[in-house]
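What follows is a single structure, written as structure tokens, with notes after it.
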There are 2 protein chains.
Amino acid sequence: MKKKLSIVDIANQLNISKTTVSFILNGLAKEKRISDEVVERVLKFVKEVEYKPNSLAKSLRTGKSNTIGLMVEDISNHFFANIARLIEDKAYENGFKLTYCSTDNKTDKTREMIAMFRDRRVDGYIIAPPEGIEEDIAQLISEGFPVVLFDRYLTNITTDYVVVDNFFATYNATKHLINQGGFRNIGFVNFTSNQTQLQQRMQGYKMAMNEHNLKTYIKEIVYHPDQELITKPINAFLKKHDFLDAVLFGTNHLGACGLRVIKELGLTIPDDIAVVSFDDYELFQMYNPPITAIAQPIDKIADKIISIMVQRLTQNSSDKAETETVMMPTELFVRESSIKKLTMAG
Amino acid sequence: MKKKLSIVDIANQLNISKTTVSFILNGLAKEKRISDEVVERVLKFVKEVEYKPNSLAKSLRTGKSNTIGLMVEDISNHFFANIARLIEDKAYENGFKLTYCSTDNKTDKTREMIAMFRDRRVDGYIIAPPEGIEEDIAQLISEGFPVVLFDRYLTNITTDYVVVDNFFATYNATKHLINQGGFRNIGFVNFTSNQTQLQQRMQGYKMAMNEHNLKTYIKEIVYHPDQELITKPINAFLKKHDFLDAVLFGTNHLGACGLRVIKELGLTIPDDIAVVSFDDYELFQMYNPPITAIAQPIDKIADKIISIMVQRLTQNSSDKAETETVMMPTELFVRESSIKKLTMAG
DNA sequence: CTGAAAGCGCTAACAC
DNA sequence: GTGTTAGCGCTTTCAG
């Protein structure tokens with residue numbers, strides 16, 4: 001078909017130099033005091049032939065790509081898929097492209113992906129960081145790349161991040177179970193990890209239990225993509241502690257697996273065991289009974305992430321604002337799963 | 001930090017020409033009869049300094065990027081998120097990078113995204129095409145780009161695609177409702193669209209109903225991101241046809257919305273109304289009662305898509321095999337939602 | 001067997 | 001105000 005034309009082609013056809021064209025196209029016409037007549041001629045022509053600059057060449061030259069790299073844990077997970085979608089939309093709205101990938105929360109894979117993003121001259125990084133990636137992130141930052149962390153942060157890295165108040169979220173949920181629910185033997189199921197969000201969720205639970213002088217029952221499960229390897233330990237835990245009257249799950253995935261197990265064991269919610277899970281989604285809302293859940297403000301999180309990133313990317317490098325660390329509140333949606341049914345009489 | 005070094009740098013440091021280095025790095029050492037000694041020296045050095053070629057420059061020069069572009073309808077939808085995840089993994093396994101985006105099933109947005117992918121010199125396109133995008137796809141194909149369609153295809157475009165047997169899927173599901181379920185007044189809820197997959201699902205339903213001389217009750221809903229605008233019409237439909245004893249939903253999203261409505265209306269499944277939905281996922285499996293669903297072999301679909309693509313990308317352009325069109329079977333998971341409870345006595 | 005050099009399309013310092 | 005020109009880092013033809 002019609003060969004893609006380059007900036008030289010249009011310069012030739014218009015009998016001017018490609019510099020002039022480049023300036024005009026990059027909005028430097030005024031600054032370079034190019035005559036309105038020429039500007040108009042170029043703009044018109046460019047529109048006519050639908051000239052699109054080759055962004056590869058541009059990036060090669062400038063070292064910028066107008067692209068933001070997003071690294072989530074797993075794009076097929078509800079939480080991350082939704083965040084990704086929102087960020088994608090908002091990035092485009094702001095004139096940036098987005099390119100994303102799943103890290104599986106693996107350090108090596110993340111490292112590779114960072115290398116790939118660098119290679120593609122990504123301008124900024126939005127990352128839900130796995131453990132052990134501190135050095136690589138520090139490197140990125142020291143080279144001047146904007147890095148916004150989310151969902152969790154790295155304690156020894158100073159950079160922007162947006163997370164939720166995980167501690168208060170589970171603290172509050174646990175207190176809800178204790179106070180409104182009247183439960184006393186409350187278990188907590190979490191993934192084995194030192195990541196901030198998971199640790200803080202655990203601390204919140206512990207604190208609430210301690211305040212009420214209640215004994216804690218904690219099960220930590222090593223993550224594995226195979227669902228069996230998650231349901232089995234939960235099953236064992238619930239069986240071993242069959243006196244538990246409530247259980248709090250640290251993530252949506254654990255919550256879903258937990259529900260399976262509870263069904264398997266033939267327990268009824270909330271009579272045999274009350275349930276609260278972190279994250280809210282369709283399954284919890286529509287389950288029978290509906291499951292009490294700690295909802296993260298996904299929309300706001302995405303908004304904040306991208307607005308910080310866009311600001312970093314467009315701001316004058318001189319006014320390096322302080323790093324922005326945002327902690328958003330969660331919302332506890334109380335549903336039937338955590339409220340004891342009213343018993344007849346006293 | 002240490003400046004990234006280029007091919008020239010390593011040529012200089014080794015006192016050879018960059019051409020030689022390039023040849024060696026691209027595996028042309030043998031062909032160009034470069035001495036083993038030099039080859040070894042280069043390879044060793046490259047490893048030592050962890051030299052990574054600049055892929056932007058490479059792409060600019062070659063017009064190839066070693067990247068596959070994937071366009072799904074909506075990355076936050078369960079089906080597409082999972083497909084995307086699998087394709088991502090398999091692409092990397094095969095040495096390709098993947099870059100993806102959501103089209104929202106909008107023609108304009110898709111067109112823009114195609115332009116963006118072209119600009120980035122994506123080597124091949126995997127697309128769940130919206131309506132009206134035929135010309136753009138044809139253009140891509142005519143320029144020699146491999147294009148693999150999935151989930152649906154375009155009737156007037158000859159290219160590889162992988163879809164499921166949508167017609168048989170709903171035909172079979174409807175017959176199941178009629179034969180095993182004993183239902184007669186069966187409704188079908190679908191999105192308004194001429195896309196092949198949706199049309200064929202409708203046809204399958206119609207055919208089964210016709211074969212049994214049953215009257216069809218079809219509701220087509222215009223897609224809208226706002227859930228209200230989907231549940232409302234379903235609500236109206238079910239109310240208007242309150243004699244329906246079963247309903248088949250054309251997509252997972254419709255199924256989920258349908259369940260909400262049925263709950264709202266206070267109907268019990270399957271006594272008041274039996275339910276079958278297209279696509280299978282957590283919600284349907286764990287709903288009470290569990291929902292009968294038509295499952296797509298997501299894993300196999302992803303596998304097939306990527307293997308066709310990789311083959312196109314690596315094959316000798318001379319042996320242009322015929323286009324490959326794959327139609328995979330679905331599986332009907334029969335659960336309680338579509339089986340009448342045994343009534344006591346006759 | 002190896003190297004010189006052109007060129008992919010673009011930007012921007014520097015000249016005029 | 002506008003043009004010349006030197007790269008960005010790489011591939012590849014053509015010479016030797």
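Ordering of the structure tokens sets the chain letters (A, B, ...), residue numbers begin anew at 1 in every chain, and ligands are numbered from 1 in the order given.
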Requested in this report: Skip region 5-8 of chain D itself and residues of its chain fewer than 5 positions away, then list as a list in words all residues within 12 Å of it, counting only C-alpha atoms (C1' of nucleotides).
Outcome: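 Using only C-alpha atoms (C1' of nucleotides), the neighbours found are Ser17, Lys18, Thr19, Leu56, Ala57, Lys58, Ser59, Leu60, Arg61, Thr62, Gly63 and Lys64 of chain A; Ser6, Asn54, Leu56, Ala57, Lys58, Leu60 and Arg61 of chain B; DC8, DG9, DC10, DT11, DA12, DA13, DC14 and DA15 of chain C.
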Pull C-alpha atoms (C1' of nucleotides) from the residues just selected and write them as a compact mmCIF listing (two decimals), in the first residue's frame.
# COMPACT_ATOMS: atom_id res chain seq x y z
CA SER A 17 13.68 21.37 6.19
CA LYS A 18 12.73 18.53 8.42
CA THR A 19 13.86 20.54 11.41
CA LEU A 56 10.18 3.98 17.87
CA ALA A 57 12.52 6.44 16.24
CA LYS A 58 11.34 9.14 18.57
CA SER A 59 11.95 6.99 21.61
CA LEU A 60 15.32 5.92 20.34
CA ARG A 61 16.29 9.51 20.02
CA THR A 62 14.73 10.95 23.14
CA GLY A 63 14.92 8.02 25.47
CA LYS A 64 11.27 8.58 26.31
CA SER B 6 26.29 -0.26 22.94
CA ASN B 54 18.70 -1.92 22.60
CA LEU B 56 14.18 -0.01 20.17
CA ALA B 57 17.09 0.50 17.83
CA LYS B 58 16.77 -3.03 16.63
CA LEU B 60 13.64 0.67 14.20
CA ARG B 61 16.11 -0.96 11.93
C1' DC C 8 15.85 3.11 9.90
C1' DG C 9 12.98 8.14 11.49
C1' DC C 10 13.52 11.40 14.61
C1' DT C 11 15.46 15.49 17.70
C1' DA C 12 18.11 19.47 18.78
C1' DA C 13 22.40 22.02 19.10
C1' DC C 14 24.31 25.07 16.15
C1' DA C 15 24.79 27.73 12.23
Requested in this report: Write down as a list in words the residues belonging to region 49-128 of chain B that are assigned strand (DSSP E) by DSSP computed on the backbone.
Outcome: Thr67, Ile68, Gly69, Leu70, Met71, Val72, Lys97, Leu98, Thr99, Tyr100, Cys101, Ser102, Gly124, Tyr125, Ile126 and Ile127 of chain B
Could you save the residues just selected, with C-alpha atoms, as a PDB file, in the first residue's frame?
ATOM      1  CA  THR B  67       6.197  -8.633  20.291  1.00  0.00           C
ATOM      2  CA  ILE B  68       2.659  -9.888  19.896  1.00  0.00           C
ATOM      3  CA  GLY B  69      -0.257  -7.536  20.364  1.00  0.00           C
ATOM      4  CA  LEU B  70      -3.355  -8.848  22.094  1.00  0.00           C
ATOM      5  CA  MET B  71      -6.648  -6.990  22.020  1.00  0.00           C
ATOM      6  CA  VAL B  72      -9.370  -8.225  24.313  1.00  0.00           C
ATOM      7  CA  LYS B  97       6.788 -10.359  24.452  1.00  0.00           C
ATOM      8  CA  LEU B  98       3.147  -9.581  24.761  1.00  0.00           C
ATOM      9  CA  THR B  99       1.442  -6.254  24.923  1.00  0.00           C
ATOM     10  CA  TYR B 100      -2.273  -5.996  25.426  1.00  0.00           C
ATOM     11  CA  CYS B 101      -5.152  -3.616  25.716  1.00  0.00           C
ATOM     12  CA  SER B 102      -8.915  -3.498  26.118  1.00  0.00           C
ATOM     13  CA  GLY B 124       1.410 -10.173  15.036  1.00  0.00           C
ATOM     14  CA  TYR B 125      -2.109  -9.446  16.194  1.00  0.00           C
ATOM     15  CA  ILE B 126      -4.409 -11.512  18.359  1.00  0.00           C
ATOM     16  CA  ILE B 127      -7.814  -9.895  18.409  1.00  0.00           C
TER      17      ILE B 127
END
Report task. Mind giving me the straight-line distance from CA of Phe243 (chain A) to CA of Lys215 (chain A) in Å, one decimal? Result ->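 Going from CA of Phe243 (chain A) over to CA of Lys215 (chain A), I get 12.2 Å.
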Report task. Check region 258-331 of chain A with DSSP on the backbone and list each residue it calls alpha helix (DSSP H), as a count of residues only. Result -> 29
Could you give me, as CSV, a per-residue list for chain D showing, wherever an atom lies at most 12 Å from an atom of chain B, the closest pair of atoms and their distance in Å to one decimal, using only C-alpha atoms (C1' of nucleotides) and sorting by chain then residue number from low to high?
residue,atom,partner,partner_atom,distance
D:DC8,C1',B:Ala57,CA,7.8
D:DG9,C1',B:Ala57,CA,5.1
D:DC10,C1',B:Lys58,CA,5.0
D:DT11,C1',B:Arg61,CA,6.4
D:DT12,C1',B:Thr19,CA,8.7
D:DT13,C1',B:Thr19,CA,11.4
Each residue of chain C with at least one atom at most 7 Å from chain B should appear once, together with its nearest atom pair and the corresponding distance in Å (one decimal); atoms considered: only C-alpha atoms (C1' of nucleotides); ordering: chain, then increasing residue number; output as a tab-separated table.
residue	atom	partner	partner_atom	distance
C:DC1	C1'	B:Ile34	CA	5.5
C:DT2	C1'	B:Thr20	CA	6.7
C:DG3	C1'	B:Ser17	CA	5.9
C:DC8	C1'	B:Arg61	CA	4.6
Query raised in the report: Between B:Thr196, B:Asn288, B:Thr231, B:Asn185, which is the closest to chain A once you count only C-alpha atoms?
Result: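 Going through B:Thr196, B:Asn288, B:Thr231, B:Asn185 one by one, the smallest distance to chain A is for B:Asn288.
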Counting only C-alpha atoms, chain B residues within 6 Å of chain A, as a PDB file with N, CA and C atoms, in the first residue's frame:
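In the end it all went to part_26.pdb:
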ATOM      1  N   SER B  76     -10.858  -6.670  32.456  1.00  0.00           N
ATOM      2  CA  SER B  76     -11.383  -6.951  33.789  1.00  0.00           C
ATOM      3  C   SER B  76     -12.486  -8.005  33.759  1.00  0.00           C
ATOM      4  N   ALA B  81      -9.540 -11.949  30.986  1.00  0.00           N
ATOM      5  CA  ALA B  81      -8.383 -11.833  31.876  1.00  0.00           C
ATOM      6  C   ALA B  81      -7.628 -13.158  31.918  1.00  0.00           C
ATOM      7  N   ASN B  82      -8.380 -14.231  31.962  1.00  0.00           N
ATOM      8  CA  ASN B  82      -7.722 -15.530  32.026  1.00  0.00           C
ATOM      9  C   ASN B  82      -7.039 -15.901  30.722  1.00  0.00           C
ATOM     10  N   LEU B 283     -18.233 -17.905  40.499  1.00  0.00           N
ATOM     11  CA  LEU B 283     -19.556 -17.525  40.982  1.00  0.00           C
ATOM     12  C   LEU B 283     -20.585 -18.613  40.698  1.00  0.00           C
ATOM     13  N   TYR B 287     -22.378 -20.700  43.651  1.00  0.00           N
ATOM     14  CA  TYR B 287     -23.680 -20.107  43.944  1.00  0.00           C
ATOM     15  C   TYR B 287     -24.571 -21.150  44.599  1.00  0.00           C
TER      16      TYR B 287
END
Query raised in the report: If you count only C-alpha atoms (C1' of nucleotides), which residues fall within 12 Å of Val162 (chain A), apart from same-chain ones fewer than 6 positions away, as a ChimeraX atom specification?
Result: /A:126-128,147-154,197,296-298,300-309,323-329
Requested in this report: Could you check how far CA of Leu265 (chain B) sits from CA of Thr251 (chain B), in Å to one decimal?
Outcome: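 Spanning CA of Leu265 (chain B) to CA of Thr251 (chain B) is a straight-line distance of 20.7 Å.
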